[in-house]
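Report on one structure; see the data block that follows.
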Amino acid sequence: MDGGAPYNPRTVEEVFRDFKGRRAGMIKALTSDVEEFYQQCDPEKENLCLYGFPSEQWEVNLPAEEVPPELPEPALGINFARDGMQEKDWLSLVAVHSDAWLLSVAFYFGARFGFDKADRKRLFSMINDLPTVFEVVTGAAKKQQKEKSTVSNHSSNKSKTNSKAGKFSKSQPKDEEEGLDEEDEDEHGETLCGACGENYASDEFWICCDICEKWFHGKCVKITPARAEHIKQYKCPSCSNKRARP
């Protein structure tokens, strides 16, 4: 299984970059692309797996035929459980197995290219600084960050209210809102995008879902600042799909 030309990362940084790309692809499948992912996981088909690729793309497909496979394989048969449980529970289950697969691929490369104890420790530390796929999909990452923010910043309420009212913090004029920008950066500095799982950055356009209250990069949900100005109530792809599906 591969999403492009064969790629073998050989350094800690390259393996971590590979991990982040695969992780981003799987998060897309389980969040912003969830409707397409759901449809592809037809229980009537054979054992299917969810693959993430270094290019941040994802694919639902049959497992590799060669034994042993070139890389560790993801969990088999994720499609069989789709209709037998609540959708959010099914997505959470797929997310847990995705986390296990991502770690196995990363440490497979580490073993293959002879990482020593220090390299393995550094790789795990870099991986551990990111929220898991499960934490992103279930919203646990945002909840943990909100609790951190409450403890560390008791004066954030005004910033949050202003930020959400405008949908995004980049919209305030810089000459009038420098103080607010600093406050907003403090509050949202570790806020995670509900689609890709990356951290908040004040120089990027973000939008908040009015239903689940998750924040998203505009580029991840295909919303521009101009379009956001005309949206009275924004619903992210996941919340929109839940309403649309019978």
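Residues in the structure tokens are named by chain (A, B, ... in the order shown) and by number from 1 within that chain; ligands are numbered from 1 in the order shown.
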
Distance query range 104-111 of chain A at most 12 Å, only C-alpha atoms, self and fewer than 2 positions along chain excluded, as an NGL selection string: :A and (7-23 or 51-54 or 69-75 or 97-102 or 113-124 or 126-127)

Which of these residues is nearest to Asp129 in chain A, using only C-alpha atoms: A:Asn241, A:Asp83, A:Glu198, A:Ala29? A:Glu198

Polymer residues at most 7 Å from Gly194 in chain A, only C-alpha atoms, same-chain spacing of 2 or more positions, as a PyMOL selection string: chain A and resi 136+192+196-197+214-216

Taking C-alpha atoms for each residue, export the selection above as a short mmCIF file (atom, residue, chain, number, x, y, z; two decimals), in the first residue's frame.
```
data_model
loop_
_atom_site.label_atom_id
_atom_site.label_comp_id
_atom_site.auth_asym_id
_atom_site.auth_seq_id
_atom_site.Cartn_x
_atom_site.Cartn_y
_atom_site.Cartn_z
CA VAL A 136 -8.75 15.07 18.00
CA LEU A 192 -6.01 22.59 17.83
CA CYS A 196 -5.81 18.58 10.82
CA GLY A 197 -4.96 18.71 14.53
CA LYS A 214 -14.34 23.20 17.57
CA TRP A 215 -11.95 25.56 15.76
CA PHE A 216 -10.77 24.92 12.20
#
```

From range 62-127 of chain A, collect each residue whose DSSP state is alpha helix (DSSP H) and return the set as a PyMOL selection string. chain A and resi 87-112+117-127

Can you write just those residues out, C-alpha atoms, as a short mmCIF file (atom, residue, chain, number, x, y, z; two decimals), in the first residue's frame?
```cif
data_model
loop_
_atom_site.label_atom_id
_atom_site.label_comp_id
_atom_site.auth_asym_id
_atom_site.auth_seq_id
_atom_site.Cartn_x
_atom_site.Cartn_y
_atom_site.Cartn_z
CA GLU A 87 -21.30 6.51 14.49
CA LYS A 88 -19.28 8.50 17.04
CA ASP A 89 -18.29 5.26 18.82
CA TRP A 90 -17.30 3.67 15.53
CA LEU A 91 -15.20 6.68 14.53
CA SER A 92 -13.55 6.65 17.96
CA LEU A 93 -12.70 2.96 17.56
CA VAL A 94 -11.16 3.57 14.13
CA ALA A 95 -9.23 6.52 15.62
CA VAL A 96 -7.74 4.34 18.39
CA HIS A 97 -6.59 1.73 15.87
CA SER A 98 -5.21 4.52 13.67
CA ASP A 99 -3.06 5.78 16.56
CA ALA A 100 -1.70 2.27 17.11
CA TRP A 101 -0.88 1.91 13.41
CA LEU A 102 0.85 5.30 13.20
CA LEU A 103 3.11 4.40 16.11
CA SER A 104 3.89 0.98 14.65
CA VAL A 105 4.91 2.50 11.29
CA ALA A 106 7.09 5.15 12.94
CA PHE A 107 8.94 2.64 15.11
CA TYR A 108 9.18 0.19 12.23
CA PHE A 109 11.24 2.83 10.40
CA GLY A 110 13.23 3.41 13.60
CA ALA A 111 14.11 -0.29 13.88
CA ARG A 112 14.81 -0.63 10.18
CA LYS A 117 17.84 4.57 22.50
CA ALA A 118 18.30 8.34 22.34
CA ASP A 119 16.81 8.52 18.82
CA ARG A 120 13.79 6.43 19.83
CA LYS A 121 13.24 8.56 22.93
CA ARG A 122 13.44 11.77 20.88
CA LEU A 123 11.07 10.39 18.25
CA PHE A 124 8.51 9.38 20.87
CA SER A 125 8.82 12.76 22.58
CA MET A 126 8.10 14.57 19.28
CA ILE A 127 5.13 12.30 18.60
#
```

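Coordinates place CA of Ile27 in chain A at a distance of 25.1 Å from CA of Ile231 in chain A.
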
Quick one: everything within 8 Å of Val221 in chain A, counting only C-alpha atoms, minus sequence neighbours fewer than 4 positions away in the same chain. Send it as an MDAnalysis selection string. chainID A and resid 32 195 216:217 236:237

Those selected residues, please, written with N, CA and C atoms and delivered as a PDB file, in the first residue's frame.
```pdb
ATOM      1  N   SER A  32     -13.089  16.179   8.629  1.00  0.00           N
ATOM      2  CA  SER A  32     -13.597  16.991   7.517  1.00  0.00           C
ATOM      3  C   SER A  32     -14.077  16.155   6.331  1.00  0.00           C
ATOM      4  N   ALA A 195      -9.785  19.676  12.184  1.00  0.00           N
ATOM      5  CA  ALA A 195      -9.612  18.872  10.966  1.00  0.00           C
ATOM      6  C   ALA A 195      -8.218  18.257  10.877  1.00  0.00           C
ATOM      7  N   PHE A 216     -11.328  25.506  13.415  1.00  0.00           N
ATOM      8  CA  PHE A 216     -10.773  24.921  12.198  1.00  0.00           C
ATOM      9  C   PHE A 216      -9.983  25.965  11.414  1.00  0.00           C
ATOM     10  N   HIS A 217      -8.884  25.524  10.771  1.00  0.00           N
ATOM     11  CA  HIS A 217      -8.258  26.366   9.755  1.00  0.00           C
ATOM     12  C   HIS A 217      -9.283  26.584   8.647  1.00  0.00           C
ATOM     13  N   CYS A 236     -19.528  22.919  11.026  1.00  0.00           N
ATOM     14  CA  CYS A 236     -18.399  22.215  10.415  1.00  0.00           C
ATOM     15  C   CYS A 236     -18.906  21.016   9.613  1.00  0.00           C
ATOM     16  N   PRO A 237     -18.052  20.422   8.766  1.00  0.00           N
ATOM     17  CA  PRO A 237     -18.499  19.287   7.943  1.00  0.00           C
ATOM     18  C   PRO A 237     -19.072  18.142   8.766  1.00  0.00           C
TER      19      PRO A 237
END
```

If you measure from CA of Glu204 in chain A to CA of Glu229 in chain A, what distance in Å do you get, rounded to one decimal? 15.8 Å

The distance between CA of Cys209 in chain A and CA of Glu56 in chain A is 22.9 Å
